[in-house]
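What's in query.cif: mmCIF, C-alpha atoms
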```cif
data_final
#
loop_
_atom_site.label_atom_id
_atom_site.label_comp_id
_atom_site.auth_asym_id
_atom_site.auth_seq_id
_atom_site.Cartn_x
_atom_site.Cartn_y
_atom_site.Cartn_z
CA MET A 1 12.46 67.75 150.47
CA THR A 2 13.93 70.82 148.82
CA HIS A 3 17.66 71.41 148.56
CA PHE A 4 17.36 75.15 149.34
CA THR A 5 15.63 77.11 152.11
CA THR A 6 15.56 80.74 150.89
CA ALA A 7 15.86 82.01 147.34
CA GLY A 8 16.43 85.55 146.16
CA ILE A 9 14.91 86.60 142.84
CA ILE A 10 16.71 89.06 140.56
CA VAL A 11 15.24 90.28 137.26
CA LYS A 12 16.30 92.30 134.27
CA VAL A 13 15.53 95.92 135.10
CA GLY A 14 13.07 97.77 132.90
CA ASP A 15 11.80 94.69 131.08
CA ASP A 16 8.10 94.08 131.70
CA SER A 17 8.29 90.85 129.69
CA VAL A 18 9.84 89.09 132.70
CA ALA A 19 6.69 89.61 134.80
CA ALA A 20 5.07 86.29 133.85
CA THR A 21 8.30 84.38 134.49
CA LEU A 22 8.68 86.14 137.84
CA ALA A 23 5.17 84.97 138.80
CA ASP A 24 6.05 81.41 137.70
CA ALA A 25 9.24 81.47 139.79
CA ILE A 26 7.35 82.62 142.88
CA HIS A 27 4.75 79.91 142.29
CA ARG A 28 7.43 77.21 142.03
CA LEU A 29 9.17 78.41 145.20
CA GLU A 30 5.94 78.54 147.16
CA THR A 31 4.87 75.11 145.91
CA LYS A 32 8.19 73.63 147.06
CA GLY A 33 8.06 75.41 150.42
CA VAL A 34 11.09 77.59 149.68
CA ALA A 35 11.01 81.06 151.22
CA PHE A 36 11.91 83.90 148.87
CA VAL A 37 12.94 87.53 148.87
CA LEU A 38 12.69 89.96 145.96
CA ASP A 39 15.71 91.97 144.89
CA ASP A 40 15.34 95.72 144.36
CA SER A 41 15.48 95.03 140.61
CA THR A 42 11.92 93.67 140.89
CA ARG A 43 10.55 96.88 142.44
CA ASP A 44 8.42 97.85 139.42
CA LEU A 45 6.90 94.35 139.33
CA ALA A 46 6.65 93.52 143.02
CA GLY A 47 3.41 95.37 143.80
CA ASP A 48 3.03 95.60 147.58
CA THR A 49 5.77 93.04 148.27
CA ALA A 50 8.84 94.52 149.94
CA THR A 51 12.16 94.30 148.11
CA VAL A 52 15.68 94.05 149.52
CA SER A 53 19.12 95.28 148.54
CA ARG A 54 21.52 92.97 146.76
CA GLU A 55 23.71 92.86 149.86
CA GLU A 56 20.82 91.76 152.06
CA LEU A 57 19.80 89.17 149.47
CA GLY A 58 23.35 87.79 149.55
CA ARG A 59 23.29 87.52 153.34
CA ARG A 60 19.87 85.89 153.60
CA CYS A 61 19.67 83.51 150.65
CA ASP A 62 21.20 80.16 149.76
CA LEU A 63 20.10 80.44 146.11
CA ALA A 64 19.70 83.29 143.62
CA VAL A 65 17.24 82.94 140.74
CA VAL A 66 18.17 85.37 137.95
CA ILE A 67 15.53 86.08 135.31
CA GLY A 68 16.81 87.85 132.21
CA GLY A 69 19.76 87.49 129.87
CA ASP A 70 23.47 86.94 130.35
CA GLY A 71 23.91 90.62 131.20
CA THR A 72 21.56 90.29 134.16
CA LEU A 73 23.48 87.26 135.38
CA LEU A 74 26.82 89.05 135.00
CA ASN A 75 25.53 91.81 137.26
CA ALA A 76 24.26 89.30 139.81
CA ALA A 77 27.50 87.29 139.75
CA ARG A 78 29.69 90.30 140.54
CA SER A 79 27.51 91.31 143.48
CA LEU A 80 27.03 87.82 144.94
CA VAL A 81 30.40 86.12 144.48
CA ASP A 82 31.69 87.19 147.89
CA PHE A 83 28.57 85.77 149.57
CA GLY A 84 29.06 82.35 147.95
CA VAL A 85 25.43 82.22 146.82
CA PRO A 86 24.81 79.76 143.95
CA ILE A 87 23.10 81.31 140.92
CA VAL A 88 20.62 79.79 138.50
CA GLY A 89 19.74 81.74 135.36
CA VAL A 90 16.32 81.71 133.65
CA ASN A 91 16.71 82.77 130.03
CA ARG A 92 14.56 85.76 129.08
CA GLY A 93 17.29 87.27 126.95
CA ARG A 94 18.64 86.46 123.48
CA LEU A 95 21.80 84.37 123.19
CA GLY A 96 22.00 82.97 126.71
CA PHE A 97 25.34 81.19 127.26
CA LEU A 98 24.98 81.51 131.04
CA VAL A 99 21.23 81.60 131.65
CA ASP A 100 20.15 78.12 130.65
CA VAL A 101 16.90 77.34 132.45
CA ALA A 102 14.05 77.42 129.94
CA PRO A 103 11.11 79.66 130.94
CA ASP A 104 8.53 77.25 129.48
CA ASN A 105 6.32 74.70 131.32
CA ARG A 106 6.06 77.12 134.25
CA LEU A 107 9.74 76.60 135.07
CA GLU A 108 9.69 72.84 135.39
CA GLN A 109 13.51 72.80 135.33
CA LEU A 110 13.58 75.18 138.30
CA ALA A 111 11.34 72.78 140.22
CA ASP A 112 13.85 69.99 139.58
CA ILE A 113 16.70 72.20 140.78
CA LEU A 114 14.84 73.06 143.99
CA GLU A 115 14.56 69.34 144.69
CA GLY A 116 18.32 68.86 144.29
CA ARG A 117 18.46 67.63 140.71
CA PHE A 118 21.09 69.91 139.21
CA LEU A 119 24.74 70.34 138.23
CA GLU A 120 26.95 72.90 139.95
CA GLU A 121 30.21 74.39 138.74
CA GLY A 122 32.62 77.08 139.85
CA ARG A 123 33.58 79.79 137.38
CA LEU A 124 36.52 82.22 137.51
CA MET A 125 35.93 85.85 138.49
CA LEU A 126 38.43 88.62 137.75
CA GLU A 127 39.34 91.41 140.14
CA THR A 128 40.58 94.54 138.38
CA ARG A 129 42.34 97.46 140.07
CA ILE A 130 43.55 100.75 138.62
CA LEU A 131 46.79 101.80 140.31
CA ARG A 132 48.10 105.36 140.12
CA ASP A 133 51.44 106.07 141.75
CA GLY A 134 50.99 102.86 143.69
CA ASP A 135 47.55 103.75 145.07
CA CYS A 136 44.34 101.96 144.05
CA ILE A 137 41.94 104.57 142.67
CA ALA A 138 39.21 102.25 141.32
CA THR A 139 38.34 98.57 141.43
CA SER A 140 35.72 96.20 140.06
CA TYR A 141 35.02 92.51 139.55
CA ALA A 142 34.46 91.05 136.10
CA PHE A 143 32.85 87.70 135.35
CA ASN A 144 33.29 87.83 131.56
CA ASP A 145 36.06 90.28 130.79
CA THR A 146 38.01 93.40 131.54
CA ILE A 147 38.59 95.68 128.54
CA ILE A 148 41.19 98.43 128.38
CA ARG A 149 40.73 101.03 125.66
CA VAL A 150 41.00 104.71 124.76
CA ARG A 151 38.09 106.66 126.18
CA ASP A 152 35.49 108.02 123.72
CA LEU A 153 37.73 107.58 120.67
CA LEU A 154 38.71 104.88 118.20
CA GLN A 155 42.44 105.31 118.52
CA LEU A 156 45.57 103.22 118.97
CA MET A 157 47.13 103.09 122.40
CA ASP A 158 50.49 101.89 123.67
CA PHE A 159 50.80 99.59 126.65
CA ASP A 160 53.06 96.99 128.21
CA VAL A 161 51.73 93.59 129.31
CA ILE A 162 53.50 92.29 132.42
CA ILE A 163 52.75 88.79 133.72
CA ASP A 164 54.00 87.78 137.17
CA ASP A 165 56.43 90.71 137.17
CA VAL A 166 57.91 89.75 133.78
CA LEU A 167 57.50 92.04 130.77
CA VAL A 168 55.89 89.85 128.09
CA THR A 169 55.08 92.28 125.30
CA HIS A 170 54.67 95.88 124.27
CA GLN A 171 51.49 96.40 122.31
CA ARG A 172 50.20 99.10 120.03
CA ALA A 173 46.51 98.34 119.54
CA ASP A 174 42.99 99.69 119.95
CA GLY A 175 42.99 98.07 123.37
CA LEU A 176 43.18 94.79 125.23
CA ILE A 177 40.59 92.23 126.34
CA VAL A 178 41.34 90.08 129.39
CA ALA A 179 38.70 87.34 129.41
CA THR A 180 37.80 84.47 131.69
CA PRO A 181 36.77 81.13 130.15
CA SER A 182 33.15 82.27 130.65
CA GLY A 183 33.93 85.45 128.72
CA SER A 184 35.82 83.67 125.94
CA THR A 185 32.54 83.37 123.99
CA ALA A 186 31.81 87.11 124.33
CA TYR A 187 33.83 90.11 123.08
CA SER A 188 37.05 88.09 122.92
CA LEU A 189 35.49 85.61 120.48
CA SER A 190 34.33 88.37 118.16
CA ASN A 191 37.94 89.63 118.10
CA GLY A 192 39.27 86.25 117.02
CA GLY A 193 40.05 84.84 120.44
CA PRO A 194 39.83 81.14 121.33
CA ILE A 195 36.86 79.45 122.97
CA VAL A 196 38.03 78.22 126.35
CA GLY A 197 36.19 75.47 128.21
CA PRO A 198 34.71 76.68 131.53
CA HIS A 199 36.84 74.35 133.66
CA ILE A 200 40.18 75.34 132.15
CA GLU A 201 42.21 77.34 134.66
CA ALA A 202 43.32 80.06 132.28
CA VAL A 203 42.70 83.65 131.25
CA VAL A 204 42.81 84.96 127.66
CA LEU A 205 44.70 88.12 126.72
CA GLN A 206 43.25 89.31 123.41
CA PRO A 207 44.59 92.49 121.72
CA ILE A 208 41.96 94.56 119.91
CA CYS A 209 43.00 95.28 116.32
CA ALA A 210 46.72 95.13 117.06
CA HIS A 211 49.01 97.23 114.89
CA THR A 212 51.42 94.29 114.48
CA LEU A 213 50.15 91.24 112.62
CA THR A 214 52.33 88.92 114.74
CA SER A 215 50.26 89.85 117.80
CA ARG A 216 48.11 86.90 118.84
CA PRO A 217 45.83 85.89 121.72
CA LEU A 218 47.69 84.59 124.74
CA MET A 219 46.36 82.17 127.36
CA VAL A 220 47.93 82.50 130.79
CA ASP A 221 47.57 80.53 134.00
CA ALA A 222 44.64 81.64 136.15
CA LYS A 223 47.02 82.06 139.11
CA SER A 224 49.00 84.72 137.24
CA VAL A 225 48.91 88.40 138.09
CA ILE A 226 48.49 90.48 134.94
CA ARG A 227 49.56 94.11 134.88
CA VAL A 228 48.98 96.43 131.96
CA HIS A 229 51.04 99.63 132.02
CA LEU A 230 49.51 102.40 129.95
CA TRP A 231 52.17 104.45 128.21
CA ASP A 232 52.03 108.20 128.67
CA ASP A 233 51.95 109.46 125.08
CA ASP A 234 49.55 111.39 122.83
CA VAL A 235 46.47 109.66 124.22
CA MET A 236 45.12 111.62 127.16
CA GLU A 237 42.45 109.36 128.65
CA ALA A 238 41.81 105.63 128.84
CA GLN A 239 38.91 103.56 130.11
CA VAL A 240 38.65 100.21 131.85
CA VAL A 241 35.35 98.40 131.27
CA CYS A 242 34.27 95.33 133.26
CA ASP A 243 31.62 93.07 131.74
CA GLY A 244 30.48 95.94 129.51
CA GLN A 245 28.67 97.31 132.59
CA VAL A 246 31.21 98.97 134.90
CA TYR A 247 33.17 101.90 133.46
CA MET A 248 36.27 103.24 135.19
CA ASP A 249 38.39 106.12 133.93
CA ALA A 250 42.15 105.74 133.75
CA ALA A 251 44.99 108.03 132.79
CA LEU A 252 48.00 107.21 130.69
CA GLY A 253 50.74 106.14 133.06
CA ASP A 254 48.38 104.11 135.22
CA MET A 255 48.92 100.42 135.95
CA ILE A 256 45.91 98.12 135.49
CA GLU A 257 46.21 95.04 137.68
CA ILE A 258 44.04 92.01 136.93
CA ARG A 259 43.95 88.72 138.82
CA CYS A 260 41.47 85.91 139.46
CA LYS A 261 39.69 85.86 142.78
CA GLU A 262 40.16 82.80 144.96
CA ARG A 263 36.39 82.58 145.44
CA ARG A 264 34.51 81.27 142.41
CA VAL A 265 31.09 82.11 141.03
CA ARG A 266 28.79 79.19 141.81
CA LEU A 267 26.57 78.43 138.81
CA ILE A 268 23.65 76.01 138.96
CA HIS A 269 22.50 74.19 135.80
CA PRO A 270 19.74 71.72 134.99
CA GLU A 271 20.83 68.07 135.01
CA THR A 272 20.66 68.04 131.20
CA TYR A 273 23.23 70.85 130.87
CA ASP A 274 26.07 70.20 128.45
CA TYR A 275 28.56 72.94 127.60
CA HIS A 276 29.38 71.64 124.12
CA ARG A 277 25.70 71.33 123.24
CA ILE A 278 25.28 74.98 124.27
CA LEU A 279 28.13 75.93 121.93
CA ARG A 280 26.63 73.93 119.08
CA GLU A 281 23.20 75.52 119.51
CA LYS A 282 24.24 79.11 120.24
CA LEU A 283 26.91 79.29 117.55
CA SER A 284 24.82 77.40 114.95
CA TRP A 285 27.46 74.75 114.38
CA GLY A 286 24.85 72.36 112.98
#
```
If you took the structure in this file and wrote it as structure tokens, what would it be?
Amino acid sequence: MTHFTTAGIIVKVGDDSVAATLADAIHRLETKGVAFVLDDSTRDLAGDTATVSREELGRRCDLAVVIGGDGTLLNAARSLVDFGVPIVGVNRGRLGFLVDVAPDNRLEQLADILEGRFLEEGRLMLETRILRDGDCIATSYAFNDTIIRVRDLLQLMDFDVIIDDVLVTHQRADGLIVATPSGSTAYSLSNGGPIVGPHIEAVVLQPICAHTLTSRPLMVDAKSVIRVHLWDDDVMEAQVVCDGQVYMDAALGDMIEIRCKERRVRLIHPETYDYHRILREKLSWG
């Protein structure tokens, strides 16, 4: 007996190399008697099969199979978190911290997962809002990180970091990274931030090339509300980037509010999944 009834399949857009893996996924689902729907991302590969919107996929499915790299999974996670749909990632990308099902052996690991042999974990998701004169003018989720920077320029910016209504620091830096534990191995890591285990209830605040050498990464409780006030000075325009995929314009003087959602991203892993082994392999620790 399978653990799931209906699976939605999401693929990396514009990558024909996922076609064979898509066919393998459909074969595994059909063999196990699991109904499936194809996300609109599969439109170029679906032939005559109808595709559905991400919202409809979220309403109809009790599993999402994501074929691609971490970027594809980030996109899926943001759109599916509110539906509570568990996500399993099939790695057709490069590094693959989040997509950990191997595409070989015609997705044998996926077959095991469909039969209930898997590990599940909840991961933090950020909700970012841009406030101007108290009104929300833009909002987005972020699974990995929210980045605040000067738009279109490499230039220092001034901002205050306020945590739970307390001013913590004034920064002069190229920007700020606010990363979840999942995102601690992404942009934050390349800026010297710590690697944070996925079950640690914390968020990393990582300045980008801070002007003051005493500036260091700061880990704060995941229940905290983080506000970043952009100073109104010589810099005219700022940008807030979520997961390197969602770009929102901000003006100096705006308040960027970042908090963790109560609802978690549900990630499904093979039974053999081990976070520290992933680190060792992906970071070539030997």
Kindly assemble as a tab-separated table a list of the region 75-140 of chain A residues that lie within 9 Å of region 187-211 of chain A, each paired with its nearest atom pair and their distance in Å to one decimal, using all atoms listed in the file, sorted first by chain and then by ascending residue number.
```
residue	atom	partner	partner_atom	distance
A:Glu121	CA	A:His199	CA	8.4
A:Gly122	CA	A:His199	CA	8.0
A:Arg123	CA	A:Pro198	CA	6.7
A:Leu124	CA	A:Glu201	CA	8.0
```
> Written as a count of residues only, which residues does the PyMOL selection byres ((chain A and resi 18) around 10) give for the file shown?
Replying inline: 22
> Using all atoms listed in the file, which residues sit within 8 Å of Gly8 (chain A) once same-chain residues fewer than 4 positions away are excluded, as a ChimeraX atom specification?
Replying inline: /A:36-39,57,61,63-65
> A:Ile177, A:Ile113, A:Asp165, A:Thr72: which is nearest Pro217 (chain A), counting all atoms listed in the file?
Replying inline: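 Ranked by minimum distance to Pro217 (chain A), first place goes to A:Ile177.
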>> Quick one: residues within 8 Å of Lys261 (chain A), only C-alpha atoms, excluding same-chain residues fewer than 3 positions away - as a ChimeraX atom specification?
In response: /A:124-127,264
Keeping C-alpha atoms for every residue in the selection just given, could you write it to a file as a short mmCIF file (atom, residue, chain, number, x, y, z; two decimals), in the frame of the given file?
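And here's result-v8.cif as it stands now:
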```cif
data_model
loop_
_atom_site.label_atom_id
_atom_site.label_comp_id
_atom_site.auth_asym_id
_atom_site.auth_seq_id
_atom_site.Cartn_x
_atom_site.Cartn_y
_atom_site.Cartn_z
CA LEU A 124 36.52 82.22 137.51
CA MET A 125 35.93 85.85 138.49
CA LEU A 126 38.43 88.62 137.75
CA GLU A 127 39.34 91.41 140.14
CA ARG A 264 34.51 81.27 142.41
#
```
>> Please determine, counting all atoms listed in the file, which residue among A:Ala142, A:Leu153, A:Leu95, A:Leu29 has the shortest atom-to-atom distance to Val265 (chain A).
In response: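 Of A:Ala142, A:Leu153, A:Leu95, A:Leu29, the one nearest Val265 (chain A), counting all atoms listed in the file, is A:Ala142.
Nearest residue to Ala35 (chain A), choosing from A:Thr128, A:Thr5, A:Thr49, A:Thr185 and counting all atoms listed in the file: A:Thr5.
Here CA of Val241 (chain A) and CA of Leu98 (chain A) stand 19.8 Å from one another.
Of the residues listed (A:Ala251, A:Val99, A:Ala76, A:Cys260), A:Cys260 shows the shortest atom-to-atom separation from Asp221 (chain A); distances use all atoms listed in the file.
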>> the PyMOL selection byres ((chain A and resi 100) around 12) - which residues does that actually catch in the file I just gave you? List them as a PyMOL selection string.
In response: chain A and resi 65-70+73+87-99+101-104+107+109-110+118-119+267-275+277-278+281-282
> If the PyMOL selection byres ((chain A and resi 245) around 9) is run on the structure shown, which residues does it catch, given as a ChimeraX atom specification?
Replying inline: /A:71,74-75,241-244,246-247
> Got a sec to check which residues sit within 10 Å of (52.7, 89.7, 129.9), counting all atoms listed in the file, and write them as a ChimeraX atom specification?
Replying inline: /A:160-170,205,218,220,224-228
>> Quick one: residues within 12 Å of Glu55 (chain A), all atoms listed in the file, excluding same-chain residues fewer than 5 positions away - as a count of residues only?
In response: 14
